[in-house]
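Here is the structure we will look at, set down as structure tokens.
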Amino acid sequence: MGLGLLALRSSRASALSRFYRVLASQNPCNGVRGIVSTPELQNAEAAAAAAQPEPTPVIPPRTPVAGARVQFANPEDAIEVFVDGYPVKIPKGFTVLQACEVAGVDIPRFCYHSRLSVAGNCRMCLVEVEKSPKPVASCAMPALPGMKIKTDTPVAKKAREGVMEFLLMNHPLDCPICDQGGECDLQDQSMAFGSDRGRFTEMKRSVVDKNLGPLVKTVMTRCIQCTRCVRFATEVAGVQDLGMLGRGSGEEIGTYVEKLMTSELSGNVIDICPVGALTSKPFAFKARNWELKGTESIDVTDAVGSNIRIDSRGPEVMRIVPRLNEDINEEWISDKTRFCYDGLKRQRLNDPMIRGSDGRFKAVSWRDALAVVAEVVHQVKPEEIVGVAGQLSDAESMMALKDLLNKMGSNNVWCEGNGNLPQTDLRSGFLLNSNISGLEKADVFLLIGSQPRVEAPMVNARIRKTVRATQAKVGYIGPPTDFNYNHQHLGTGPQTLLEIAEGRHPFCSVLLNAKNPAIIVGAGLFERKDKDSVFSAVETIAKLGKVVRPDWNGLNVLLLNAAQAAALDLGLVPESSDSIESAKFLYLMGADDVNLEKLPADAFVVYQGHHGDRSVYRANVIFPASAFTEKEGTYENTEGCTQQTLPAVPTVGDARDDWKIIRALSEVAGVRLPYDTLGAIRARIKAVAPNLLHTDEREPAIDSTTLKPELFQKISMAPFGTSVENFYMTDSITRASKIMAQCSTMLLKK
Amino acid sequence: MAFNLKGIRVPPNSATLQEARNRTFDFFRQACRSIPTIMEIYNLHDVVTVSEIRSTISSEIRKNAHITNTKVIDMLLFKGMEELGNIVEHAKQRHHIIGQYVLGRRGLIQDVGDKDQDISDFLKKFYNSNYF
Ligand code: SF4
Ligand code: FES
């Protein structure tokens with residue numbers, strides 16, 4: 001039969017139809033249309049037998065898939081398996097699929113995801129293991145010593161082909177209108193492993209689409225029931241919203257009741273869904289992924305600095321997707337990061353403007369705008385000049401702003417969110433000292449005035465991961481809030497803090513028994529008048545619980561904004577805490593959250609920024625600047641890791657990069673700053689904070705907590721507040737975004 | 001397309017630099033001769049004078065004064081002829097001419113001049129665009 005089919009094939013190829021007819025009449029099974037295109041597969045045993053006598057070729061070692069590495073905690077734990085005849089050493093407990101990855105063989109898969117639990121229900125990863133009667137699902141099979149795994153045999157190939165055929169049976173053929181097209185696992189794998197024709201002639205099943213909210217679009221007929229999204233929601237996002245309903249061909253993914261998916265990480269199901277069942281709603285039908293230009297950049301909507309890729313087409317940002325960074329965001333990003341991009345197209349400032357006598361803005365040229373500001377700035381006293389950097393400012397522009405104000409004789413410059421007189425001498429006083437990935441080592445968390453779920457969802461995901469993996473205990477002091485892991489609400493204000501500091505609270509014993517306790521203080525406390533005493537109480541707790549040791553630093557501050565850490569490193573600290581009240585000239589560099597109520601009515605306000613947001617109402621002159629997608633800027637995240645954004649799209653209208661505006665203004669005002677290029681300004685930064693130039697490196701703080709004086713007197717008993725009221729709208733970009741507005745109305749409904 | 005295809009027949013290459021130079025002069029003369037027609041058909045009398053256009057043409061040619069490769073000169077000449085042909089054939093519109101040869105010369109900002117003398121390179125570029 002094998003011979004007959006071989007002949008059949010060759011005859012088809014050479015189009016010798018006469019011979020074909022002769023041969024076909026000799027072939028008893030010509031009525032059966034073979035689904036398999038490769039004849040050896042049709043008769044696996046025979047082909048294998050035929051291949052037997054050949055000497056086994058020496059297989060050169062292959063490079064592991066995606067740079068997969070193995071760490072041996074204990075050398076005895078290493079076992080050796082053979083993948084396609086090539087021996088690899090792997091630790092005990094690895095699955096067959098992981099072993100294959102180490103050996104450099106990529107196994108096709110749908111349901112397996114390295115960061116989720118193993119489901120083993122798609123069967124795409126079948127491989128042949130010697131002495132096992134059937135092909136085994138490699139993702140669920142632990143590797144055993146001496147196992148001989150064969151990934152390339154006819155049996156394995158046939159198994160994959162079969163699985164593909166079953167999957168495609170009920171998968172719609174709507175690739176031309178599917179947003180996943182071009183980056184779809186099912187498409188790719190059916191090209192690589194699938195059959196070249198179908199045998200299915202019945203009706204396909206169809207499934208009602210579910211409404212998962214304003215972010216995730218569902219086309220449930222496309223779902224292949226891999227349950228990755230369900231596992232993601234329960235394991236990583238920590239919401240039990242998604243689930244599997246029904247059995248057999250009636251199986252469906254859905255929310256059990258009519259309900260939206262309320263998670264700050266929900267957008268990640270778009271990435272992990274291997275097919276087009278879950279896609280991005282705002283991106284739907286907007287672009288094809290092969291038309292997009294990817295730019296590797298950094299997110300600035302919170303202080304975590306998630307690594308992102310900005311996909312743009314021409315001058316437009318089309319979508320934002322995560323980039324892998326094990327130390328910061330793993331491979332997830334928050335919904336705010338992913339969907340804030342439509343804010344970049346609305347409310348933009350694109351021309352320099354001056355407010356006329358009638359209170360309306362008039363677009364003018366850069367020349368005139370700079371001249372007006374330069375003239376005004378010379379009419380006020382140096383100490384009446386105040387500068388505030390916004391949440392989204394990069395280090396370069398903050399350096400320029402500080403230098404400009406210093407040259408004018410003023411030192412009243414700070415970054416919003418850092419409070420009145422921040423403590424900047426010790427870097428350990430404002431950084432996440434145990435670093436984000438280091439939080440996984442902690443076994444007790446004490447969150448003080450911090451709601452990580454809304455302040456930094458990626459940090460929260462780490463804490464949740466730790467809590468899930470090691471049953472770490474979480475204590476929380478602050479206003480009641482949502483947590484997606486087990487926690488103990490200890491109290492709402494400094495009262496509880498003092499109790500713990502004095503050892504009177506039951507949580508103290510938990511803290512004392514912990515191996516690696518971690519205290520996370522929210523940066524919202526920076527705004528409190530009594531922050532020094534609050535922080536010294538925290539330090540007392542840290543001393544009590546031995547939180548800071550040479551091998552473990554668990555005393556952390558969780559910052560709120562992308563600019564904060566760099567601002568503190570650069571020393572953006574105001575001279576006096578009430579400088580706004582006496583300001584006559586206020587320079588707002590993207591600062592929209594400063595309280596301008598106390599500003600004198602005759603003060604002259606310059607707003608430099610990319611969005612017409614809150615502060616624009618008070619501004620006298622507007623300088624349009626570029627947003628983070630349009631410039632190269634340095635940002636330091638909350639753990640002290642310096643990263644850079646890269647321009648993905650051109651600037652809007654007549655806008656300029658932030659530092660260039662300040663540099664130009666300095667020249668027009670006659671106090672020329674000595675740098676003309678980004679390189680020169682970085683050299684200047686190097687003199688102030690050299691760590692800001694070590695990109696993609698985390699500069700740990702040298703700790704010396706004992707140096708600070710202890711003071712307990714004036715601590716006020718006012719409870720801690722929430723620093724992020726609305727997770728979806730925290731800065732000028734997200735406030736301008738329509739999608740974020742939809743999210744806040746639909747998902748934050750109480 | 002009334003455009004005379006004979007006009008863009010590729011002439012043989014210039015053998016020497018001198019020949020290329022002569023051809024350039026020929027081209028300049030030809031261009032100057034067509035200026036009155038151009039002024040007429042694009043109605044340019046109120047925006048520009050004949051001499052201004054003439055100096056625009058010569059500066060456009062002088063921009064490439066440093067080129068010594070005859071093949072390159074021939075190619076540029078060919079392009080120039082084509083452009084001239086297009087203009088004379090009225091294949092362009094008034095704003096093309098104004099944008100490229102009248103305003104394009106000095107930019108849209110009229111107040112450059114002595115004010116810009118003492119400012120730094122940085123500021124000059126800054127006024128022009130964000131990308132430098
Ligand atoms: S929706 Fe996507 S991720 Fe979820 S089970 Fe279906 S195919 Fe898998
Ligand atoms: S990847 Fe192994 S069964 Fe799905």
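Residues are referred to by chain and number: the chain letter is A, B, ... according to the order shown in the structure tokens, the number counts from 1 in that chain, and ligands are numbered separately from 1 in the order shown.
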
Counting only C-alpha atoms, chain A residues within 8 Å of chain B, as a ChimeraX atom specification: /A:366-367,651,654-657,660,664,667,676

For the residues selected in the previous step, produce a file with all heavy atoms as a short mmCIF file (atom, residue, chain, number, x, y, z; two decimals), in the first residue's frame.
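The new file again.cif reads:
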data_model
loop_
_atom_site.label_atom_id
_atom_site.label_comp_id
_atom_site.auth_asym_id
_atom_site.auth_seq_id
_atom_site.Cartn_x
_atom_site.Cartn_y
_atom_site.Cartn_z
N TRP A 366 7.15 80.23 17.94
CA TRP A 366 8.05 79.92 19.05
C TRP A 366 8.84 81.16 19.46
O TRP A 366 9.05 81.44 20.63
CB TRP A 366 9.02 78.81 18.66
CG TRP A 366 8.48 77.46 18.93
CD1 TRP A 366 8.03 76.57 18.01
CD2 TRP A 366 8.33 76.84 20.22
NE1 TRP A 366 7.60 75.43 18.65
CE2 TRP A 366 7.77 75.57 20.00
CE3 TRP A 366 8.60 77.23 21.53
CZ2 TRP A 366 7.49 74.69 21.02
CZ3 TRP A 366 8.33 76.36 22.56
CH2 TRP A 366 7.77 75.10 22.30
N ARG A 367 9.29 81.90 18.43
CA ARG A 367 10.07 83.10 18.67
C ARG A 367 9.35 84.05 19.63
O ARG A 367 9.91 84.50 20.62
CB ARG A 367 10.22 83.78 17.31
CG ARG A 367 11.50 84.41 17.02
CD ARG A 367 11.44 84.83 15.56
NE ARG A 367 11.80 83.70 14.72
CZ ARG A 367 13.05 83.45 14.37
NH1 ARG A 367 14.02 84.21 14.80
NH2 ARG A 367 13.34 82.42 13.61
N THR A 651 6.50 64.09 16.45
CA THR A 651 5.76 64.96 17.35
C THR A 651 4.57 65.58 16.63
O THR A 651 4.51 65.62 15.41
CB THR A 651 6.65 66.10 17.88
OG1 THR A 651 7.30 66.67 16.76
CG2 THR A 651 7.64 65.60 18.86
N ASP A 654 3.69 71.75 16.09
CA ASP A 654 4.93 72.49 16.27
C ASP A 654 5.58 72.17 17.61
O ASP A 654 6.34 72.97 18.14
CB ASP A 654 4.62 73.99 16.18
CG ASP A 654 5.74 74.74 15.49
OD1 ASP A 654 6.66 74.07 15.01
OD2 ASP A 654 5.70 75.97 15.46
N ALA A 655 5.28 71.01 18.17
CA ALA A 655 5.80 70.68 19.50
C ALA A 655 7.30 70.38 19.41
O ALA A 655 7.82 70.01 18.37
CB ALA A 655 5.05 69.49 20.05
N ARG A 656 7.97 70.56 20.56
CA ARG A 656 9.40 70.27 20.64
C ARG A 656 9.65 69.40 21.86
O ARG A 656 8.86 69.38 22.80
CB ARG A 656 10.19 71.58 20.82
CG ARG A 656 9.98 72.59 19.74
CD ARG A 656 10.81 72.26 18.52
NE ARG A 656 10.80 73.35 17.57
CZ ARG A 656 9.92 73.47 16.58
NH1 ARG A 656 9.00 72.56 16.42
NH2 ARG A 656 9.97 74.49 15.74
N ASP A 657 10.80 68.73 21.88
CA ASP A 657 11.16 67.93 23.05
C ASP A 657 11.34 68.85 24.26
O ASP A 657 11.79 69.98 24.13
CB ASP A 657 12.47 67.18 22.79
CG ASP A 657 12.27 66.09 21.76
OD1 ASP A 657 11.11 65.84 21.40
OD2 ASP A 657 13.28 65.53 21.31
N LYS A 660 14.68 70.58 24.96
CA LYS A 660 15.02 71.57 23.93
C LYS A 660 14.32 72.88 24.19
O LYS A 660 14.89 73.96 23.98
CB LYS A 660 14.62 71.04 22.56
CG LYS A 660 15.54 69.96 22.04
CD LYS A 660 15.13 69.50 20.67
CE LYS A 660 15.99 68.34 20.23
NZ LYS A 660 15.36 67.56 19.17
N ALA A 664 16.21 76.32 24.75
CA ALA A 664 15.94 77.48 23.90
C ALA A 664 15.54 78.68 24.75
O ALA A 664 16.01 79.80 24.54
CB ALA A 664 14.86 77.16 22.89
N GLU A 667 18.38 80.44 26.39
CA GLU A 667 19.17 81.32 25.54
C GLU A 667 18.44 82.65 25.30
O GLU A 667 19.04 83.73 25.38
CB GLU A 667 19.46 80.64 24.21
CG GLU A 667 20.31 81.51 23.32
CD GLU A 667 20.85 80.77 22.12
OE1 GLU A 667 20.91 79.53 22.18
OE2 GLU A 667 21.19 81.44 21.15
N ASP A 676 23.80 71.39 24.04
CA ASP A 676 23.05 71.50 22.78
C ASP A 676 22.53 70.17 22.30
O ASP A 676 21.72 70.10 21.40
CB ASP A 676 23.96 72.06 21.69
CG ASP A 676 24.11 73.56 21.82
OD1 ASP A 676 23.49 74.11 22.75
OD2 ASP A 676 24.83 74.16 21.02
#

Protein and nucleic residues near ligand 1, 6 Å, only C-alpha atoms and all ligand atoms, as a VMD selection string: chain A and resid 223 to 229 273 to 275 277 to 278

Print the selection's residues with N, CA and C atoms to a file, as a CSV table (one decimal), in the first residue's frame.
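And here is the file that came out, part.csv:
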chain,number,residue,atom,x,y,z
A,223,CYS,N,-12.7,30.3,19.6
A,223,CYS,CA,-12.0,29.7,20.8
A,223,CYS,C,-11.7,28.2,20.6
A,224,ILE,N,-10.5,27.8,21.0
A,224,ILE,CA,-10.1,26.4,20.9
A,224,ILE,C,-10.1,25.8,22.3
A,225,GLN,N,-10.7,26.4,23.3
A,225,GLN,CA,-10.8,25.8,24.6
A,225,GLN,C,-9.4,25.4,25.2
A,226,CYS,N,-8.4,26.3,25.0
A,226,CYS,CA,-7.2,26.0,25.6
A,226,CYS,C,-7.1,26.3,27.1
A,227,THR,N,-8.1,27.2,27.6
A,227,THR,CA,-8.2,27.6,28.9
A,227,THR,C,-7.1,28.5,29.5
A,228,ARG,N,-6.3,29.0,28.5
A,228,ARG,CA,-5.2,29.9,29.0
A,228,ARG,C,-5.8,31.1,29.7
A,229,CYS,N,-6.9,31.6,29.1
A,229,CYS,CA,-7.4,32.9,29.7
A,229,CYS,C,-8.0,32.6,31.0
A,273,CYS,N,-4.2,34.6,24.5
A,273,CYS,CA,-5.1,33.8,23.7
A,273,CYS,C,-4.4,33.4,22.4
A,274,PRO,N,-4.2,32.1,22.1
A,274,PRO,CA,-3.4,31.7,21.0
A,274,PRO,C,-4.1,32.0,19.7
A,275,VAL,N,-5.4,32.2,19.7
A,275,VAL,CA,-6.2,32.4,18.5
A,275,VAL,C,-6.8,33.8,18.6
A,277,ALA,N,-9.8,34.6,19.5
A,277,ALA,CA,-11.0,34.6,20.3
A,277,ALA,C,-11.1,35.9,21.2
A,278,LEU,N,-10.0,36.2,21.8
A,278,LEU,CA,-9.9,37.4,22.6
A,278,LEU,C,-9.0,38.4,21.9

Exercise answer, 9 Å around ligand 2 with only C-alpha atoms and all ligand atoms, as a list in words: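 These are the residues that qualify: Leu97, Ile107, Pro108, Arg109, Phe110, Cys111, Tyr112, His113, Val118, Ala119, Gly120, Asn121, Cys122, Arg123, Met124, Cys125, Leu126, Val136, Ala137, Ser138, Cys139, Ala140, Met141 and Cys226 of chain A.
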
Atom pair atom CA of A:Lys531 / atom CA of A:Asn484: separation (Å):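 Straight-line distance from atom CA of A:Lys531 to atom CA of A:Asn484 works out to 28.1 Å.
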
Exercise: B:Ala15 partners within 12 Å, only C-alpha atoms, chain neighbours under 6 positions left out, as a list in words: Arg21, Asn22, Arg23, Asn69, Thr70, Lys71, Ile73 and Asp74 of chain B

Hey, can you spit out that residue selection with N, CA, C and O atoms as a compact mmCIF listing (two decimals), in the first residue's frame?
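Written file, selection_11.txt:
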# COMPACT_ATOMS: atom_id res chain seq x y z
N ARG B 21 29.62 71.84 -19.00
CA ARG B 21 29.50 73.23 -18.55
C ARG B 21 28.71 74.03 -19.58
O ARG B 21 27.78 74.77 -19.23
N ASN B 22 29.06 73.84 -20.83
CA ASN B 22 28.35 74.57 -21.88
C ASN B 22 26.87 74.19 -21.88
O ASN B 22 26.01 75.04 -22.05
N ARG B 23 26.62 72.92 -21.67
CA ARG B 23 25.23 72.49 -21.66
C ARG B 23 24.47 73.15 -20.52
O ARG B 23 23.30 73.49 -20.65
N ASN B 69 31.62 65.28 -11.79
CA ASN B 69 31.38 64.08 -12.58
C ASN B 69 30.40 64.41 -13.70
O ASN B 69 29.27 64.82 -13.46
N THR B 70 30.85 64.24 -14.95
CA THR B 70 30.01 64.66 -16.06
C THR B 70 28.70 63.88 -16.11
O THR B 70 27.68 64.42 -16.50
N LYS B 71 28.76 62.64 -15.70
CA LYS B 71 27.53 61.84 -15.76
C LYS B 71 26.49 62.41 -14.80
O LYS B 71 25.30 62.48 -15.10
N ILE B 73 26.38 65.49 -13.76
CA ILE B 73 25.91 66.78 -14.28
C ILE B 73 24.85 66.54 -15.34
O ILE B 73 23.79 67.18 -15.36
N ASP B 74 25.11 65.58 -16.21
CA ASP B 74 24.12 65.27 -17.25
C ASP B 74 22.79 64.88 -16.64
O ASP B 74 21.73 65.30 -17.10

Quick one: everything within 12 Å of A:Ser249, counting only C-alpha atoms, minus sequence neighbours fewer than 5 positions away in the same chain. Send it as a PDB file with C-alpha atoms, in the first residue's frame.
ATOM      1  CA  PHE A 166      -9.747  18.394  15.104  1.00  0.00           C
ATOM      2  CA  LEU A 167      -9.042  21.957  16.172  1.00  0.00           C
ATOM      3  CA  MET A 169     -13.007  21.356  12.562  1.00  0.00           C
ATOM      4  CA  ASN A 170     -14.841  23.886  14.667  1.00  0.00           C
ATOM      5  CA  HIS A 171     -12.654  26.879  14.003  1.00  0.00           C
ATOM      6  CA  LYS A 204     -19.311  24.165  12.254  1.00  0.00           C
ATOM      7  CA  ARG A 205     -20.489  24.967  15.714  1.00  0.00           C
ATOM      8  CA  SER A 206     -20.947  28.563  16.754  1.00  0.00           C
ATOM      9  CA  VAL A 207     -20.799  30.188  20.143  1.00  0.00           C
ATOM     10  CA  THR A 221     -16.575  30.792  17.931  1.00  0.00           C
ATOM     11  CA  CYS A 223     -11.997  29.716  20.794  1.00  0.00           C
ATOM     12  CA  ILE A 224     -10.114  26.438  20.889  1.00  0.00           C
ATOM     13  CA  GLN A 225     -10.775  25.808  24.605  1.00  0.00           C
TER      14      GLN A 225
END

Residues flagged strand (DSSP E or B) by DSSP in stretch 49-275 of chain A, as an NGL selection string: :A and (78-83 or 86-91 or 95 or 126-129 or 136-137 or 142 or 148-150 or 216-218 or 242-245 or 252-255)

Could the residues in this selection be saved with N, CA, C and O atoms as a short mmCIF file (atom, residue, chain, number, x, y, z; two decimals), in the first residue's frame?
data_model
loop_
_atom_site.label_atom_id
_atom_site.label_comp_id
_atom_site.auth_asym_id
_atom_site.auth_seq_id
_atom_site.Cartn_x
_atom_site.Cartn_y
_atom_site.Cartn_z
N ALA A 78 20.14 16.77 38.94
CA ALA A 78 20.19 16.76 37.48
C ALA A 78 19.90 15.37 36.95
O ALA A 78 20.39 14.37 37.47
N ILE A 79 19.06 15.32 35.93
CA ILE A 79 18.85 14.03 35.27
C ILE A 79 19.17 14.22 33.79
O ILE A 79 19.20 15.34 33.29
N GLU A 80 19.40 13.10 33.14
CA GLU A 80 19.75 13.21 31.73
C GLU A 80 18.66 12.56 30.90
O GLU A 80 18.23 11.44 31.19
N VAL A 81 18.22 13.25 29.90
CA VAL A 81 17.27 12.66 28.97
C VAL A 81 17.82 12.84 27.56
O VAL A 81 18.74 13.62 27.35
N PHE A 82 17.25 12.10 26.63
CA PHE A 82 17.70 12.19 25.24
C PHE A 82 16.57 12.75 24.40
O PHE A 82 15.47 12.19 24.37
N VAL A 83 16.85 13.86 23.76
CA VAL A 83 15.86 14.43 22.86
C VAL A 83 16.36 14.23 21.45
O VAL A 83 17.41 14.77 21.08
N TYR A 86 19.89 13.38 21.27
CA TYR A 86 20.88 14.31 21.80
C TYR A 86 20.71 14.42 23.32
O TYR A 86 19.63 14.75 23.80
N PRO A 87 21.72 14.11 24.11
CA PRO A 87 21.55 14.10 25.56
C PRO A 87 21.52 15.52 26.15
O PRO A 87 22.33 16.36 25.77
N VAL A 88 20.57 15.78 27.05
CA VAL A 88 20.54 17.05 27.77
C VAL A 88 20.41 16.79 29.25
O VAL A 88 19.78 15.83 29.68
N LYS A 89 21.02 17.68 30.03
CA LYS A 89 20.91 17.60 31.48
C LYS A 89 19.86 18.59 31.92
O LYS A 89 19.91 19.78 31.56
N ILE A 90 18.91 18.11 32.70
CA ILE A 90 17.86 19.01 33.18
C ILE A 90 17.62 18.72 34.65
O ILE A 90 17.93 17.62 35.12
N PRO A 91 17.11 19.68 35.39
CA PRO A 91 16.79 19.40 36.79
C PRO A 91 15.57 18.50 36.91
O PRO A 91 14.74 18.45 36.00
N THR A 95 9.32 19.18 32.85
CA THR A 95 8.45 18.37 32.00
C THR A 95 9.21 18.02 30.72
O THR A 95 10.26 18.58 30.44
N LEU A 126 2.00 16.66 21.59
CA LEU A 126 2.31 15.22 21.64
C LEU A 126 3.69 14.93 21.05
O LEU A 126 4.05 15.44 20.00
N VAL A 127 4.44 14.11 21.77
CA VAL A 127 5.72 13.62 21.24
C VAL A 127 5.78 12.12 21.50
O VAL A 127 4.99 11.58 22.28
N GLU A 128 6.73 11.49 20.86
CA GLU A 128 6.86 10.06 21.07
C GLU A 128 7.92 9.82 22.13
O GLU A 128 8.98 10.45 22.11
N VAL A 129 7.63 8.96 23.06
CA VAL A 129 8.61 8.59 24.07
C VAL A 129 8.83 7.09 23.93
O VAL A 129 7.88 6.32 23.85
N VAL A 136 2.82 10.97 24.03
CA VAL A 136 2.45 11.60 25.30
C VAL A 136 2.39 13.12 25.13
O VAL A 136 3.09 13.69 24.31
N ALA A 137 1.54 13.73 25.94
CA ALA A 137 1.44 15.19 25.96
C ALA A 137 2.64 15.71 26.72
O ALA A 137 2.74 15.58 27.93
N PRO A 142 6.13 14.58 33.28
CA PRO A 142 7.43 14.87 33.86
C PRO A 142 8.52 14.05 33.17
O PRO A 142 8.31 12.89 32.80
N LYS A 148 13.89 8.59 26.45
CA LYS A 148 14.28 8.87 25.06
C LYS A 148 13.09 9.51 24.35
O LYS A 148 12.10 8.87 24.05
N ILE A 149 13.22 10.81 24.13
CA ILE A 149 12.11 11.57 23.56
C ILE A 149 12.36 11.76 22.08
O ILE A 149 13.46 12.10 21.67
N LYS A 150 11.32 11.51 21.31
CA LYS A 150 11.48 11.72 19.87
C LYS A 150 10.42 12.71 19.41
O LYS A 150 9.23 12.49 19.57
N VAL A 216 -11.70 44.11 26.00
CA VAL A 216 -11.46 42.84 25.33
C VAL A 216 -12.64 42.49 24.45
O VAL A 216 -13.77 42.42 24.90
N LYS A 217 -12.34 42.28 23.18
CA LYS A 217 -13.38 41.90 22.24
C LYS A 217 -13.39 40.38 22.14
O LYS A 217 -12.32 39.76 22.10
N THR A 218 -14.55 39.79 22.11
CA THR A 218 -14.60 38.33 22.04
C THR A 218 -15.28 37.89 20.77
O THR A 218 -16.26 38.47 20.34
N LEU A 242 -13.63 34.50 34.79
CA LEU A 242 -13.75 33.67 33.60
C LEU A 242 -13.82 32.21 33.99
O LEU A 242 -13.23 31.79 34.97
N GLY A 243 -14.52 31.45 33.19
CA GLY A 243 -14.57 30.03 33.47
C GLY A 243 -15.04 29.26 32.27
O GLY A 243 -15.41 29.82 31.24
N MET A 244 -14.99 27.95 32.42
CA MET A 244 -15.35 27.06 31.34
C MET A 244 -16.74 26.52 31.65
O MET A 244 -16.98 26.02 32.74
N LEU A 245 -17.63 26.65 30.71
CA LEU A 245 -19.00 26.17 30.90
C LEU A 245 -19.30 25.08 29.90
O LEU A 245 -18.81 25.11 28.78
N GLU A 252 -17.77 26.16 26.44
CA GLU A 252 -17.63 27.58 26.13
C GLU A 252 -16.85 28.27 27.23
O GLU A 252 -16.92 27.88 28.38
N ILE A 253 -16.15 29.35 26.83
CA ILE A 253 -15.52 30.21 27.82
C ILE A 253 -16.48 31.34 28.10
O ILE A 253 -17.10 31.87 27.20
N GLY A 254 -16.61 31.71 29.33
CA GLY A 254 -17.47 32.85 29.59
C GLY A 254 -17.41 33.27 31.03
O GLY A 254 -16.81 32.61 31.87
N THR A 255 -18.05 34.41 31.29
CA THR A 255 -18.25 34.79 32.67
C THR A 255 -19.50 34.05 33.08
O THR A 255 -20.45 33.97 32.31
#

Distance in Å - atom CA of B:His95 versus atom CA of B:Ala31: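 Value for the atom CA of B:His95-atom CA of B:Ala31 distance: 19.3 Å.
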